[in-house]
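Engineer: Here it is, the structure, as structure tokens.
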Amino acid sequence: MKPTNLTSRAARWSAKHRRIAILGWIAFVVLSIVIGGAVGTQNIADEDQGNGDSRQAERTLASAGFPEDQSEQVLIQARGDQRFSDPAFRAAIADVESRLSDTAHVAEIRSPLDHAGSGLVSSDERSALVGFELRATDDQGAQRVEAPLATVAEAQRAHPELRIEEVGDASVEKAFGDSLEKDFQRAEFLSLPITLLILVVAFGAMVAAGIPLVLALTAVAATLGLLGPISQLIPVDEAINSVVLLIGLAVGVDYSLFYLRRERAERKAGRSNEQALEIAAATSGRAVLVSGLTVMIAMAGMFLTGNSTFISFAVGTIVVVAVAVLGSLTVLPAVLSKLGDRVDRGRIPFLRRLQRADGESRVWSAILDRVLRRPLVATVLATAALVTLAIPALHMDTKEPGPQGLPKDLAVVQTYDRVQEAFPGAPLPAVVVFEADDVHSAEVRGAVRELGRQALATGLMNDPIDVTANPDGDVGVVSIPMVGSGTDAQSLRALTALREDLIPATLGQVDGVTAYVTGETAGSEDFDAQMSSTAPLVFAFVLGLAFVLLMATFRSIVIAAKAIVLNLLSVGAAYGVLVWTFQDGHGESLLGFESVGGITSWLPLFLFVLLFGLSMDYHVFILSRIREAYDGGMSTRDAVAHGIKSTAGVVTSAAVVMIAVFSVFGTLGALDFKQMGVGLAVAVLIDATIVRAVLLPAAMTLLGDRNWYLPSWLGWLPTVGREPEPDGAAA
């Protein structure tokens with residue numbers, strides 16, 4: 001075999017200059033980490049995270065000079081028959097206020113004792129709220145809130161007959177941050193040994209199993225370092241490290257696995273170390289390159305959303321995939337050239353005996369034989385199964401879970417639920433931000449009073465309505481609690497009434513006044529509106545470019561079209577399972593969550609681009625082997641059988657790695673991460689079984705030689721690399 005494509009030339013150079021390749025990779029990783037640590041990571045500012053009207057409101061607030069405080073509330077609630085009018089109840093409130101007044105960073109205490117009828121006492125008089133401001137910026141809140149939390153805990157011990165608990169922006173942030181940190185530490189602790197165990201089973205040798213994991217981890221480390229300087233230009237979301245770890249570990253292991261398994265197969269077929277490496281580079285290496293480009297194209301679609309979080313996710317995933325591809329095509333062949341057959345050191349005899357000499361899977365071979373005997377039946381049954389799984393997706397409802405999506409075992413979440421029940425809408429009010437020449441003018445103040453009056457008259461909004469102004473007097477804020485949970489139908493009706501009726505009829509009638517609405521409900525609604533307008537662009541971009549790339553790679557319009565259809569079926573089935581499990585609540589007891597009646601707003605689009613890219617790993621790898629066999633003289637039917645059987649083992653191993661990693665993330669307490677982990681795991685499972693092992697070979701068998709149809713007028717299309725010319729090479 002005389003490979004002449006880009007990946008084979010890269011491998012040949014790396015093998016010849018392996019010392020430079022290996023030390024260069026180590027230097028690249030270390031330098032990336034050092035630079036990233038020196039530069040630091042710039043996170044997206046809070047005011048830039050939203051969309052539409054709510055983002056404009058947040059930007060106005062950020063530039064208005066308001067004190068950078070965070071609002072907290074202390075709930076004083078009866079455990080028995082106590083009421084607000086009872087002297088002991090009122091004495092407890094006074095004690096809480098006195099303790100808070102002596103606590104660091106606490107200011108502007110709002111007392112239910114001094115504000116009768118302000119909404120700080122519940123309608124049944126069993127609950128009262130003491131509000132205060134925490135003098136802290138966003139990055140200080142989680143630390144500074146410890147002092148008032150300790151104070152409230154002391155008050156609770158002093159008044160055991162009452163429930164005294166704190167909730168607010170900073171306390172929720174601290175509790176959730178601590179919980180999430182523990183969850184991610186556990187996820188990382190579990191995912192690495194699980195991945196290594198799967199690789200040991202796949203290779204039957206410790207050295208071979210360790211190579212993909214080391215390459216993936218170094219790719220992740222380098223990416224996290226590179227994101228430092230990149231983030232100075234494109235700020236990143238705080239969750240970017242988790243996304244990079246999740247994707248980097250999955251693709252890094254997969255790419256190395258494809259490459260290494262092919263190289264080992266060629267050695268078993270009698271090739272020399274050099275020949276085996278070049279064949280693996282020209283075939284599996286090329287598949288890795290195409291797969292990586294497809295994933296990056298899919299990720300680039302998120303740039304079209306206009307959402308800063310999605311854009312940062314796109315940057316992180318594109319960089320980690322690019323680094324993983326670079327490592328797979330350079331340092332990996334250098335390491336394999338250096339090790340030679342020593343890559344099989346640390347053999348585990350029992351596992352080695354389980355592997356077939358030809359590398360084919362007994363189970364998948366048996367399934368495939370039956371599929372190829374009755375391809376039409378297999379196509380119909382597999383398509384029906386995928387469509388059935390996808391049906392629940394037709395009633396998908398997206399929403400931002402907010403505090404409802406936080407782990408229910410957190411004390412602060414339980415407190416939030418109690419406040420929400422006693423004071424509907426108080427924890428998540430609508431925030432009206434308005435600009436005026438003078439917010440203290442009689443006309444503006446009158447409009448604000450009228451806004452409050454009309455808001456209460458709708459029955460969709462409640463007290464306490466708070467009004468504040470910035471030091472310059474040109475920006476005002478009206479906080480209005482709304483009925484509902486914050487993202488349910490009641491809250492949305494209240495938001496619509498506020499935006500479309502109340503504000504235009506009050507503040508909108510004052511010349512020179514411009515008003516915006518933000519808050520949990522407004523942010524969720526604006527995000528959904530943004531996604532509705534940009535999602536078609538993302539879908540068209542991803543599908544269109546992927547189609548062109550696949551058509552150029554395999555020189556077939558049919559292969560490209562079929563790949564798009566199969567991936568859409570796979571994604572649709574994953575959506576359906578996600579809706580059935582989380583929106584309809586059928587997985588609550590098994591997965592430990594409470595359904596909020598919808599799917600996290602950002603997840604469907606994120607899953608689409610990610611799943612579309614990741615599923616192409618298997619598709620390109622399998623099709624490359626099929627095309628290689630077909631070009632070597634096999635009929636389409638035989639090439640399909642050979643390609644599927646010879647790749648089933650490595651595809652299964654790669655899929656199990658992804659499923660294991662994603663499933664670990666599905667155990668996290670936060671609902672959005674749980675949905676992401678389960679959705680990705682289910683999608684990969686469906687893709688690697690029903691789609692790749694049944695529907696793909698059945699459809700290709702039915703189409704026969706028409707699989708390779710390319711109109712003559714498209715013959716000018718360039719290929720991604722150049723196909724090697726087989727010279728008796730083992731498939």
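How things are named: the first chain in the structure tokens is A, the next is B, and so on; residues count from 1 in each chain; ligands count from 1 in the order shown.
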Running DSSP on the backbone, which parts of range 265-400 of chain A land in helix (DSSP H, G or I), as a ChimeraX atom specification?
Structural biologist: /A:265-268,273-305,308-329,331-344,349-354,362-373,375-395
Engineer: Any idea what's packed within 7 Å of range 181-190 of chain A, counting only C-alpha atoms, ignoring anything in its chain fewer than 3 positions away? Could you give it as a list in words?
Structural biologist: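 Near range 181-190 of chain A, the qualifying residues are Gly177, Asp178, Pro193, Ile194, Val664, Phe665 and Leu668 of chain A.
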Engineer: For those residues, write C-alpha atoms to a file as an mmCIF file, in the first residue's frame.
Structural biologist:
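Listed below is the output, result_7.cif:
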```cif
data_model
loop_
_atom_site.group_PDB
_atom_site.id
_atom_site.type_symbol
_atom_site.label_atom_id
_atom_site.label_comp_id
_atom_site.auth_asym_id
_atom_site.auth_seq_id
_atom_site.Cartn_x
_atom_site.Cartn_y
_atom_site.Cartn_z
ATOM 1 C CA GLY A 177 -21.992 26.037 43.492
ATOM 2 C CA ASP A 178 -20.865 23.819 46.361
ATOM 3 C CA PRO A 193 -11.552 4.826 35.714
ATOM 4 C CA ILE A 194 -14.707 3.723 33.898
ATOM 5 C CA VAL A 664 -22.029 9.790 34.784
ATOM 6 C CA PHE A 665 -23.083 13.368 34.013
ATOM 7 C CA LEU A 668 -25.596 15.116 38.641
#
```
Engineer: For range 378-389 of chain A, list every protein, DNA or RNA residue within 6 Å, evaluated using only C-alpha atoms, and leave out those in the same chain fewer than 6 positions away; present the list as a PDB file with N, CA and C atoms, in the first residue's frame.
Structural biologist:
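The result, stored in out.pdb:
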```pdb
ATOM      1  N   VAL A 371     -29.910  -9.148   9.198  1.00  0.00           N
ATOM      2  CA  VAL A 371     -30.323  -7.883   8.583  1.00  0.00           C
ATOM      3  C   VAL A 371     -30.118  -7.928   7.075  1.00  0.00           C
ATOM      4  N   ALA A 573     -35.207  10.552  17.727  1.00  0.00           N
ATOM      5  CA  ALA A 573     -35.474   9.505  18.717  1.00  0.00           C
ATOM      6  C   ALA A 573     -34.949   9.916  20.088  1.00  0.00           C
ATOM      7  N   GLY A 576     -37.279  12.375  21.610  1.00  0.00           N
ATOM      8  CA  GLY A 576     -38.481  11.718  22.105  1.00  0.00           C
ATOM      9  C   GLY A 576     -38.267  11.068  23.461  1.00  0.00           C
ATOM     10  N   LEU A 695     -30.142  -0.134  10.532  1.00  0.00           N
ATOM     11  CA  LEU A 695     -30.720   0.689   9.473  1.00  0.00           C
ATOM     12  C   LEU A 695     -29.701   1.030   8.390  1.00  0.00           C
ATOM     13  N   ALA A 698     -28.888  -2.122   6.212  1.00  0.00           N
ATOM     14  CA  ALA A 698     -30.092  -2.534   5.483  1.00  0.00           C
ATOM     15  C   ALA A 698     -30.379  -1.568   4.331  1.00  0.00           C
TER      16      ALA A 698
END
```
Engineer: Please run DSSP on the backbone and report, as a ChimeraX atom specification, all residues within range 28-180 of chain A that come out as strand (DSSP E).
Structural biologist: /A:69-78,106-110,127-135,162-168
Engineer: Figure out the distance between CA of Ser179 in chain A and CA of Leu590 in chain A, please, to one decimal in Å.
Structural biologist: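 Computing the Euclidean distance for CA of Leu590 in chain A and CA of Ser179 in chain A yields 20.3 Å.
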Engineer: Determine the nearest neighbour of Ala655 in chain A from the options A:Phe612, A:Ala282, A:Val253, A:Gln420, counting only C-alpha atoms.
Structural biologist: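 Nearest candidate to Ala655 in chain A out of A:Phe612, A:Ala282, A:Val253, A:Gln420: A:Val253.
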Engineer: Kindly assemble as JSON lines a list of the range 16-74 of chain A residues that lie within 8 Å of range 130-149 of chain A, each paired with its nearest atom pair and their distance in Å to one decimal, using only C-alpha atoms, sorted first by chain and then by ascending residue number.
Structural biologist:
```
{"residue": "A:Pro67", "atom": "CA", "partner": "A:Arg135", "partner_atom": "CA", "distance": 7.9}
{"residue": "A:Glu68", "atom": "CA", "partner": "A:Thr137", "partner_atom": "CA", "distance": 5.1}
{"residue": "A:Asp69", "atom": "CA", "partner": "A:Arg135", "partner_atom": "CA", "distance": 4.8}
{"residue": "A:Gln70", "atom": "CA", "partner": "A:Leu134", "partner_atom": "CA", "distance": 5.1}
{"residue": "A:Ser71", "atom": "CA", "partner": "A:Glu133", "partner_atom": "CA", "distance": 4.8}
{"residue": "A:Glu72", "atom": "CA", "partner": "A:Phe132", "partner_atom": "CA", "distance": 5.5}
{"residue": "A:Gln73", "atom": "CA", "partner": "A:Gly131", "partner_atom": "CA", "distance": 4.4}
{"residue": "A:Val74", "atom": "CA", "partner": "A:Val130", "partner_atom": "CA", "distance": 5.0}
```
Engineer: Could you write those residues out with C-alpha atoms, as a PDB file, in the first residue's frame?
Structural biologist:
```pdb
ATOM      1  CA  PRO A  67     -24.745  49.375  44.099  1.00  0.00           C
ATOM      2  CA  GLU A  68     -23.594  45.874  43.237  1.00  0.00           C
ATOM      3  CA  ASP A  69     -25.681  44.249  45.948  1.00  0.00           C
ATOM      4  CA  GLN A  70     -27.487  40.936  46.053  1.00  0.00           C
ATOM      5  CA  SER A  71     -30.929  40.594  47.597  1.00  0.00           C
ATOM      6  CA  GLU A  72     -31.483  38.065  50.386  1.00  0.00           C
ATOM      7  CA  GLN A  73     -34.561  37.157  52.408  1.00  0.00           C
ATOM      8  CA  VAL A  74     -35.039  35.468  55.755  1.00  0.00           C
TER       9      VAL A  74
END
```
Engineer: I'd like a table as JSON lines: residues in range 503-622 of chain A with an atom no more than 8 Å from range 436-447 of chain A, each row giving the shortest atom pair and its distance in Å to one decimal, only C-alpha atoms counted, sorted by chain and rising residue number.
Structural biologist:
```
{"residue": "A:Thr506", "atom": "CA", "partner": "A:Ala447", "partner_atom": "CA", "distance": 5.1}
{"residue": "A:Leu507", "atom": "CA", "partner": "A:Ala447", "partner_atom": "CA", "distance": 5.4}
{"residue": "A:Val510", "atom": "CA", "partner": "A:Val444", "partner_atom": "CA", "distance": 6.9}
{"residue": "A:Gly512", "atom": "CA", "partner": "A:Ala436", "partner_atom": "CA", "distance": 5.9}
{"residue": "A:Val513", "atom": "CA", "partner": "A:Ala436", "partner_atom": "CA", "distance": 4.7}
{"residue": "A:Thr514", "atom": "CA", "partner": "A:Ala436", "partner_atom": "CA", "distance": 6.9}
```
Engineer: Please dump the current selection as a compact mmCIF listing (two decimals), in the first residue's frame; keep C-alpha atoms.
Structural biologist:
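Writing done, so here's part08.txt:
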```
# COMPACT_ATOMS: atom_id res chain seq x y z
CA THR A 506 -48.33 53.71 32.09
CA LEU A 507 -44.62 54.34 31.61
CA VAL A 510 -44.47 59.44 29.43
CA GLY A 512 -38.66 60.20 26.95
CA VAL A 513 -39.19 57.03 29.02
CA THR A 514 -37.98 53.68 27.68
```
Engineer: Which of these residues is nearest to Ala128 in chain A, using only C-alpha atoms: A:Ala265, A:Leu591, A:Leu162, A:Val650?
Structural biologist: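 Of all the options, A:Leu162 lies closest to Ala128 in chain A.
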